[in-house]
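Colleague: Provided below: data.csv, containing CSV, C-alpha atoms.
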chain,number,residue,atom,x,y,z
T,1,MET,CA,101.3,146.5,114.7
T,2,ARG,CA,101.2,150.3,114.5
T,3,ARG,CA,97.6,150.3,115.8
T,4,LEU,CA,98.5,148.0,118.7
T,5,ALA,CA,101.5,150.2,119.5
T,6,ALA,CA,99.3,153.3,119.5
T,7,THR,CA,96.7,151.6,121.7
T,8,VAL,CA,99.3,150.5,124.3
T,9,SER,CA,100.8,154.1,124.3
T,10,VAL,CA,97.3,155.4,125.1
T,11,LEU,CA,96.9,152.8,127.8
T,12,MET,CA,100.2,153.6,129.4
T,13,ALA,CA,99.3,157.3,129.5
T,14,ALA,CA,96.0,156.5,131.1
T,15,GLY,CA,97.7,154.3,133.7
T,16,LEU,CA,96.6,151.0,132.1
T,17,THR,CA,98.4,147.8,131.3
T,18,TRP,CA,97.6,145.6,128.3
T,19,ALA,CA,96.5,142.0,129.0
T,20,GLY,CA,95.4,140.2,125.9
T,21,ASP,CA,91.8,141.0,125.2
T,22,GLN,CA,91.4,143.2,128.3
T,23,THR,CA,93.1,146.0,130.1
T,24,VAL,CA,94.2,146.1,133.7
T,25,ASP,CA,94.3,149.3,135.7
T,26,ARG,CA,98.0,149.9,136.3
T,27,HIS,CA,97.4,151.4,139.7
T,28,ALA,CA,95.2,148.6,140.9
T,29,LEU,CA,97.6,146.0,139.5
T,30,ARG,CA,100.5,147.7,141.2
T,31,ALA,CA,98.7,147.9,144.6
T,32,ARG,CA,97.7,144.2,144.4
T,33,VAL,CA,101.1,143.0,143.5
T,34,LEU,CA,102.8,145.0,146.2
T,35,GLU,CA,100.3,143.7,148.7
T,36,GLN,CA,101.3,140.1,147.8
T,37,ALA,CA,105.0,140.9,147.5
T,38,PRO,CA,106.0,143.5,150.1
T,39,THR,CA,109.7,143.0,149.5
T,40,LEU,CA,109.3,143.9,145.8
T,41,ARG,CA,110.5,147.5,145.6
T,42,ALA,CA,107.9,149.8,144.1
T,43,THR,CA,110.4,151.6,141.9
T,44,VAL,CA,111.6,148.3,140.4
T,45,LEU,CA,108.0,147.1,139.8
T,46,ASP,CA,107.2,150.4,138.1
T,47,LEU,CA,110.1,150.0,135.7
T,48,ALA,CA,109.2,146.4,135.0
T,49,LEU,CA,105.6,147.3,134.2
T,50,SER,CA,106.8,150.0,131.8
T,51,ALA,CA,109.1,147.5,130.1
T,52,TYR,CA,106.3,145.0,129.9
T,53,ASP,CA,103.9,147.5,128.3
T,54,ARG,CA,106.4,148.5,125.7
T,55,ALA,CA,107.2,144.9,124.9
T,56,VAL,CA,103.6,144.2,124.3
T,57,ALA,CA,103.3,147.3,122.1
T,58,SER,CA,106.3,146.1,120.0
T,59,GLY,CA,104.8,142.6,119.7
T,60,ASP,CA,107.6,140.9,121.5
T,61,VAL,CA,105.4,139.4,124.3
T,62,CYS,CA,102.6,136.9,123.5
T,63,ARG,CA,102.1,135.4,127.0
T,64,GLN,CA,100.7,137.7,129.7
T,65,ARG,CA,103.1,136.9,132.5
T,66,LEU,CA,105.9,139.0,133.8
T,67,THR,CA,108.9,137.7,135.7
T,68,ILE,CA,111.0,140.3,137.7
T,69,ILE,CA,114.5,139.6,139.0
T,70,ASP,CA,116.0,142.3,141.2
T,71,TYR,CA,119.8,141.6,141.3
T,72,GLU,CA,120.5,144.6,143.4
T,73,LEU,CA,119.2,142.5,146.4
T,74,PRO,CA,121.5,139.9,148.0
T,75,SER,CA,121.2,136.3,146.9
T,76,TRP,CA,119.9,135.1,150.2
T,77,THR,CA,116.7,137.1,149.7
T,78,ARG,CA,113.9,135.9,147.5
T,79,ARG,CA,114.4,138.3,144.6
T,80,MET,CA,112.4,136.8,141.8
T,81,TRP,CA,108.7,137.3,141.3
T,82,VAL,CA,106.4,135.8,138.6
T,83,ILE,CA,103.2,137.9,138.0
T,84,ASP,CA,100.1,136.8,136.1
T,85,VAL,CA,99.1,140.2,134.7
T,86,PRO,CA,95.4,139.6,133.9
T,87,THR,CA,94.7,138.5,137.4
T,88,SER,CA,97.3,140.6,139.2
T,89,THR,CA,98.5,137.5,141.0
T,90,VAL,CA,102.0,136.7,142.2
T,91,LEU,CA,102.5,133.1,141.2
T,92,HIS,CA,106.0,132.6,142.4
T,93,HIS,CA,108.4,134.4,144.9
T,94,GLU,CA,111.8,132.7,144.7
T,95,TRP,CA,115.5,132.7,145.3
T,96,VAL,CA,117.6,133.0,142.2
T,97,ALA,CA,121.3,132.8,141.6
T,98,HIS,CA,123.4,135.3,139.7
T,99,GLY,CA,126.6,134.9,137.7
T,100,MET,CA,129.9,134.4,139.3
T,101,GLY,CA,132.0,136.3,136.9
T,102,ALA,CA,135.3,135.0,135.4
T,103,PRO,CA,137.9,133.7,135.9
T,104,ALA,CA,138.0,133.8,139.7
T,105,GLY,CA,134.5,135.1,140.5
T,106,SER,CA,133.6,138.5,142.0
T,107,GLY,CA,135.7,138.9,145.0
T,108,GLY,CA,134.5,135.8,146.7
T,109,ASP,CA,131.2,137.5,147.6
T,110,LEU,CA,128.4,135.0,147.3
T,111,GLU,CA,125.7,137.5,148.4
T,112,HIS,CA,125.9,140.4,145.9
T,113,LEU,CA,126.2,140.9,142.2
T,114,HIS,CA,128.9,143.4,141.4
T,115,SER,CA,128.8,143.8,137.6
T,116,VAL,CA,127.0,142.6,134.6
T,117,SER,CA,128.0,141.7,131.0
T,118,ASN,CA,126.7,140.7,127.6
T,119,ARG,CA,130.0,139.1,126.5
T,120,ARG,CA,130.8,135.4,126.2
T,121,GLY,CA,133.2,133.9,128.7
T,122,THR,CA,132.5,136.4,131.4
T,123,ARG,CA,130.1,134.1,133.4
T,124,LYS,CA,128.2,137.3,134.4
T,125,SER,CA,124.5,138.0,134.5
T,126,SER,CA,122.9,140.4,132.1
T,127,VAL,CA,120.3,143.1,132.6
T,128,GLY,CA,117.2,144.0,130.6
T,129,LEU,CA,114.2,142.4,129.1
T,130,PHE,CA,114.3,138.8,127.9
T,131,LEU,CA,111.7,136.8,126.1
T,132,THR,CA,111.2,133.2,127.4
T,133,ALA,CA,111.5,130.7,124.6
T,134,GLU,CA,111.5,126.9,124.3
T,135,THR,CA,112.5,124.2,126.8
T,136,TYR,CA,115.2,121.6,126.3
T,137,VAL,CA,117.0,119.0,128.4
T,138,GLY,CA,120.6,119.7,129.3
T,139,ARG,CA,123.1,119.2,132.1
T,140,HIS,CA,120.8,120.8,134.6
T,141,GLY,CA,117.7,118.8,133.4
T,142,ARG,CA,114.8,120.5,131.7
T,143,SER,CA,115.7,124.1,131.2
T,144,LEU,CA,114.3,127.2,129.6
T,145,ARG,CA,116.0,129.2,126.8
T,146,LEU,CA,116.0,133.0,127.0
T,147,ASP,CA,116.3,135.5,124.1
T,148,GLY,CA,117.6,138.9,125.1
T,149,LEU,CA,115.7,141.8,123.5
T,150,GLU,CA,118.2,144.5,124.3
T,151,PRO,CA,121.2,145.0,121.9
T,152,GLY,CA,124.4,145.5,123.8
T,153,PHE,CA,122.9,144.5,127.1
T,154,ASN,CA,121.5,141.0,126.8
T,155,ASP,CA,121.1,140.1,123.1
T,156,ALA,CA,124.0,137.5,123.3
T,157,ALA,CA,122.0,135.4,125.8
T,158,ARG,CA,121.3,132.5,123.4
T,159,ASP,CA,124.8,132.4,122.1
T,160,ARG,CA,126.1,132.5,125.8
T,161,ALA,CA,123.6,129.7,126.8
T,162,ILE,CA,122.0,132.0,129.4
T,163,VAL,CA,119.0,129.9,130.4
T,164,LEU,CA,116.7,129.4,133.4
T,165,HIS,CA,117.4,126.1,135.1
T,166,GLY,CA,117.3,124.4,138.5
T,167,ALA,CA,120.5,124.1,140.5
T,168,ASP,CA,121.3,122.3,143.7
T,169,TYR,CA,123.2,125.3,145.0
T,170,VAL,CA,119.9,127.2,145.3
T,171,THR,CA,117.9,126.0,148.3
T,172,ALA,CA,116.0,127.4,151.2
T,173,GLY,CA,118.7,126.0,153.5
T,174,ARG,CA,121.6,127.6,151.6
T,175,ALA,CA,119.6,130.9,151.6
T,176,ARG,CA,119.2,130.7,155.3
T,177,ASP,CA,122.9,130.2,155.7
T,178,ARG,CA,123.6,132.9,153.1
T,179,LEU,CA,125.4,130.4,150.9
T,180,VAL,CA,123.4,130.5,147.7
T,181,GLY,CA,125.8,129.6,145.0
T,182,ARG,CA,126.6,131.4,141.7
T,183,SER,CA,125.9,130.3,138.2
T,184,TRP,CA,127.8,131.0,134.9
T,185,GLY,CA,125.4,133.9,134.2
T,186,CYS,CA,122.1,131.9,134.3
T,187,PRO,CA,119.2,132.7,136.5
T,188,ALA,CA,119.2,129.4,138.5
T,189,VAL,CA,116.4,128.5,140.9
T,190,ARG,CA,115.6,125.7,143.3
T,191,PRO,CA,115.3,122.3,141.7
T,192,LYS,CA,112.1,121.7,143.6
T,193,ILE,CA,110.3,124.6,141.9
T,194,ALA,CA,112.1,124.7,138.6
T,195,GLN,CA,109.8,122.7,136.5
T,196,ARG,CA,106.6,124.3,137.7
T,197,LEU,CA,108.1,127.7,137.3
T,198,ILE,CA,109.3,126.9,133.7
T,199,ASP,CA,105.9,125.7,132.7
T,200,ASP,CA,104.3,128.9,134.1
T,201,ILE,CA,106.5,131.3,132.0
T,202,ALA,CA,107.8,129.4,129.0
T,203,GLY,CA,106.8,130.3,125.4
T,204,GLY,CA,106.8,134.0,125.0
T,205,SER,CA,106.5,135.8,128.3
T,206,ALA,CA,108.6,138.7,129.6
T,207,LEU,CA,111.5,138.1,132.0
T,208,TRP,CA,113.0,141.4,133.2
T,209,VAL,CA,116.2,141.6,135.1
T,210,TYR,CA,117.1,144.8,137.1
T,211,TYR,CA,120.5,146.0,138.2
T,212,PRO,CA,121.4,149.7,138.5
T,213,VAL,CA,123.3,150.1,135.2
T,214,ARG,CA,123.0,153.8,134.3
T,215,ARG,CA,123.6,153.4,130.6
T,216,TRP,CA,120.9,150.7,130.3
T,217,LEU,CA,118.4,152.7,132.4
T,218,THR,CA,118.8,155.8,130.3
T,219,THR,CA,118.8,154.2,126.8
T,220,SER,CA,116.7,151.0,126.9
T,221,ARG,CA,113.9,151.2,124.4
T,222,PHE,CA,111.7,149.4,126.9
T,223,LEU,CA,112.3,152.1,129.6
T,224,VAL,CA,112.8,155.4,127.7
T,225,PRO,CA,110.1,156.9,125.5
T,226,THR,CA,110.8,156.2,121.9
T,227,GLU,CA,111.1,159.9,121.1
T,228,THR,CA,114.3,160.1,123.2
T,229,GLY,CA,115.3,156.5,123.7
T,230,SER,CA,117.5,154.2,121.7
T,231,SER,CA,117.8,150.4,121.3
T,232,GLY,CA,120.9,150.1,123.3
Kindly transcribe the structure held in the file into structure tokens.
Modeller:
Amino acid sequence: MRRLAATVSVLMAAGLTWAGDQTVDRHALRARVLEQAPTLRATVLDLALSAYDRAVASGDVCRQRLTIIDYELPSWTRRMWVIDVPTSTVLHHEWVAHGMGAPAGSGGDLEHLHSVSNRRGTRKSSVGLFLTAETYVGRHGRSLRLDGLEPGFNDAARDRAIVLHGADYVTAGRARDRLVGRSWGCPAVRPKIAQRLIDDIAGGSALWVYYPVRRWLTTSRFLVPTETGSSG
């Protein structure tokens, strides 16, 4: 593990991203992804790639796919991207719901996320790096469990039942009318795409959720160099 961590550190310094038995030029990957996903903000992609590299270095990620959710964007925009890292291909570009908050929601604003939480009962979304885990069948059909890898920010995800699932309040029509609904903290997607998306990312890939939380951005071990960073 130390040898792998050292190798990934060298790759990051050289502008490379680890992809199984091969390396991918970070600059080329970045350019290809942004060409396919012009609404993905470059600064958000850069942070996500850094988090991905460090997750690979720590041995947390075993499937070479990266899902990015930018919750600073409004819900009627397609703010989720799934990237196949070895081929630099954007596999999915989707709408995704955010948490409503509790008990009465966040000011009745369907479009924007206003705060995040790692606590039970808040019905809020969480930020940070998640590892996709196993699937199960629940109230929303076949769904995907997520394990939060960042103490204090998302590590209560499994206990809170924060999962990726399909939801009938996420549709192209609702997005067009700016009426995408809100979840109880789960990243909910269109039912039409849910099963294919789950198959494409389940079983050990990285899912990274962005929202401008200063404490997280300045302390996350996946974003801050280990010499100065902490685990939360």
Colleague: Point out the residue among T:Thr39, T:Ser125, T:Ser117, T:Gln64 with the least atom-to-atom distance to T:Val209, counting only C-alpha atoms.
Modeller: T:Ser125
Colleague: Have a look at T:Val44, T:Ala57, T:Ala51, T:Ala202 and name the one nearest to T:Val224; count only C-alpha atoms.
Modeller: T:Ala51
Colleague: Give me the residues near T:Trp208 as a list in words, where near means some atom within 8 Å (using only C-alpha atoms) and where sequence neighbours in that chain fewer than 5 positions away do not count.
Modeller: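 The residues satisfying every condition are Ala48, Ala51, Leu66, Thr67, Ile68, Ile69, Val127, Gly128, Leu129 and Phe130 of chain T.
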Colleague: Those residues you just picked out, can you put them in a file as a compact mmCIF listing (two decimals), in the coordinates of the input with C-alpha atoms?
Modeller:
# COMPACT_ATOMS: atom_id res chain seq x y z
CA ALA T 48 109.20 146.40 135.00
CA ALA T 51 109.10 147.50 130.10
CA LEU T 66 105.90 139.00 133.80
CA THR T 67 108.90 137.70 135.70
CA ILE T 68 111.00 140.30 137.70
CA ILE T 69 114.50 139.60 139.00
CA VAL T 127 120.30 143.10 132.60
CA GLY T 128 117.20 144.00 130.60
CA LEU T 129 114.20 142.40 129.10
CA PHE T 130 114.30 138.80 127.90
Colleague: Can you tell me how far atom CA of T:His165 sits from atom CA of T:Pro74, in Å to one decimal?
Modeller: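 For atom CA of T:His165 relative to atom CA of T:Pro74, the distance reads 19.3 Å.
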Colleague: For the atom pair atom CA of T:Arg139 and atom CA of T:Asp199, what is the interatomic distance in Å to one decimal place?
Modeller: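 It comes out at 18.4 Å.
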Colleague: Using only C-alpha atoms, can you list as a list of chain:residue names the residues within 6 Å of (118.5, 137.4, 124.1)?
Modeller: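 Here is the list of nearby residues: T:Phe130, T:Leu146, T:Asp147, T:Gly148, T:Leu149, T:Asn154, T:Asp155, T:Ala156, T:Ala157, T:Arg158.
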Colleague: Using all atoms listed in the file, find the one residue out of T:Val24, T:Leu223, T:Val96, T:Leu40 that sits nearest to T:Ala172.
Modeller: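 Smallest separation from T:Ala172 among the options: T:Val96.
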Colleague: Find, counting all atoms listed in the file, the residue in T:Val116, T:Leu144, T:Val82, T:Val90 that gets nearest to T:Gln195.
Modeller: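 The shortest atom-to-atom distance to T:Gln195 comes from T:Leu144.
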Colleague: Just give me the gap between atom CA of T:Asn118 and atom CA of T:Tyr169 in Å, one decimal is fine.
Modeller: 23.5 Å
Colleague: Could stretch 74-85 of chain T be completed with all heavy atoms and returned as a compact mmCIF listing (two decimals), in the coordinates of the input?
Modeller:
# COMPACT_ATOMS: atom_id res chain seq x y z
N PRO T 74 120.53 141.05 147.78
CA PRO T 74 121.50 139.90 148.00
C PRO T 74 120.84 138.59 147.68
O PRO T 74 119.61 138.42 147.71
CB PRO T 74 121.79 140.06 149.51
CG PRO T 74 120.62 140.78 150.09
CD PRO T 74 120.15 141.73 149.03
N SER T 75 121.69 137.62 147.38
CA SER T 75 121.20 136.30 146.90
C SER T 75 120.47 135.51 147.93
O SER T 75 119.70 134.61 147.57
CB SER T 75 122.43 135.49 146.40
OG SER T 75 123.35 135.25 147.46
N TRP T 76 120.63 135.81 149.21
CA TRP T 76 119.90 135.10 150.20
C TRP T 76 118.47 135.51 150.39
O TRP T 76 117.68 134.90 151.10
CB TRP T 76 120.63 135.09 151.57
CG TRP T 76 120.99 136.46 152.06
CD1 TRP T 76 122.17 137.13 151.85
CD2 TRP T 76 120.19 137.32 152.85
NE1 TRP T 76 122.14 138.36 152.45
CE2 TRP T 76 120.94 138.50 153.09
CE3 TRP T 76 118.91 137.22 153.41
CZ2 TRP T 76 120.45 139.57 153.82
CZ3 TRP T 76 118.41 138.29 154.15
CH2 TRP T 76 119.19 139.44 154.34
N THR T 77 118.09 136.61 149.72
CA THR T 77 116.70 137.10 149.70
C THR T 77 115.98 136.49 148.50
O THR T 77 116.59 136.20 147.47
CB THR T 77 116.60 138.59 149.67
OG1 THR T 77 117.19 139.06 148.46
CG2 THR T 77 117.33 139.21 150.85
N ARG T 78 114.68 136.34 148.63
CA ARG T 78 113.90 135.90 147.50
C ARG T 78 113.65 137.09 146.58
O ARG T 78 112.82 137.94 146.87
CB ARG T 78 112.58 135.25 147.96
CG ARG T 78 112.82 133.93 148.69
CD ARG T 78 111.53 133.14 148.85
NE ARG T 78 110.65 133.75 149.83
CZ ARG T 78 109.38 133.39 150.03
NH1 ARG T 78 108.84 132.45 149.27
NH2 ARG T 78 108.66 133.98 150.96
N ARG T 79 114.38 137.15 145.49
CA ARG T 79 114.40 138.30 144.60
C ARG T 79 113.89 138.10 143.23
O ARG T 79 114.19 138.85 142.31
CB ARG T 79 115.86 138.87 144.58
CG ARG T 79 116.87 137.81 144.17
CD ARG T 79 118.30 138.30 144.27
NE ARG T 79 119.24 137.23 143.91
CZ ARG T 79 120.52 137.42 143.70
NH1 ARG T 79 121.04 138.64 143.81
NH2 ARG T 79 121.32 136.41 143.38
N MET T 80 113.09 137.05 143.06
CA MET T 80 112.40 136.80 141.80
C MET T 80 110.90 136.67 142.06
O MET T 80 110.47 136.00 142.99
CB MET T 80 112.91 135.46 141.18
CG MET T 80 112.04 134.96 140.01
SD MET T 80 112.47 133.29 139.46
CE MET T 80 113.81 133.66 138.34
N TRP T 81 110.13 137.34 141.20
CA TRP T 81 108.70 137.30 141.30
C TRP T 81 108.10 136.99 139.90
O TRP T 81 108.55 137.55 138.90
CB TRP T 81 108.12 138.65 141.74
CG TRP T 81 108.56 139.09 143.10
CD1 TRP T 81 107.88 138.94 144.28
CD2 TRP T 81 109.78 139.77 143.44
NE1 TRP T 81 108.59 139.48 145.32
CE2 TRP T 81 109.76 140.01 144.84
CE3 TRP T 81 110.87 140.22 142.68
CZ2 TRP T 81 110.80 140.66 145.49
CZ3 TRP T 81 111.92 140.85 143.34
CH2 TRP T 81 111.87 141.08 144.72
N VAL T 82 107.10 136.12 139.84
CA VAL T 82 106.40 135.80 138.60
C VAL T 82 104.95 136.33 138.78
O VAL T 82 104.25 135.91 139.72
CB VAL T 82 106.39 134.35 138.25
CG1 VAL T 82 105.56 134.09 136.99
CG2 VAL T 82 107.82 133.85 138.04
N ILE T 83 104.53 137.22 137.89
CA ILE T 83 103.20 137.90 138.00
C ILE T 83 102.34 137.45 136.83
O ILE T 83 102.75 137.56 135.67
CB ILE T 83 103.37 139.39 138.02
CG1 ILE T 83 104.25 139.83 139.20
CG2 ILE T 83 102.00 140.08 138.07
CD1 ILE T 83 104.73 141.26 139.10
N ASP T 84 101.14 136.99 137.12
CA ASP T 84 100.10 136.80 136.10
C ASP T 84 99.39 138.12 135.94
O ASP T 84 98.65 138.53 136.85
CB ASP T 84 99.16 135.68 136.50
CG ASP T 84 98.13 135.42 135.42
OD1 ASP T 84 98.51 134.89 134.36
OD2 ASP T 84 96.94 135.74 135.65
N VAL T 85 99.61 138.80 134.82
CA VAL T 85 99.10 140.20 134.70
C VAL T 85 97.61 140.28 134.66
O VAL T 85 97.03 141.12 135.37
CB VAL T 85 99.76 140.82 133.41
CG1 VAL T 85 99.16 142.21 133.18
CG2 VAL T 85 101.28 140.91 133.56
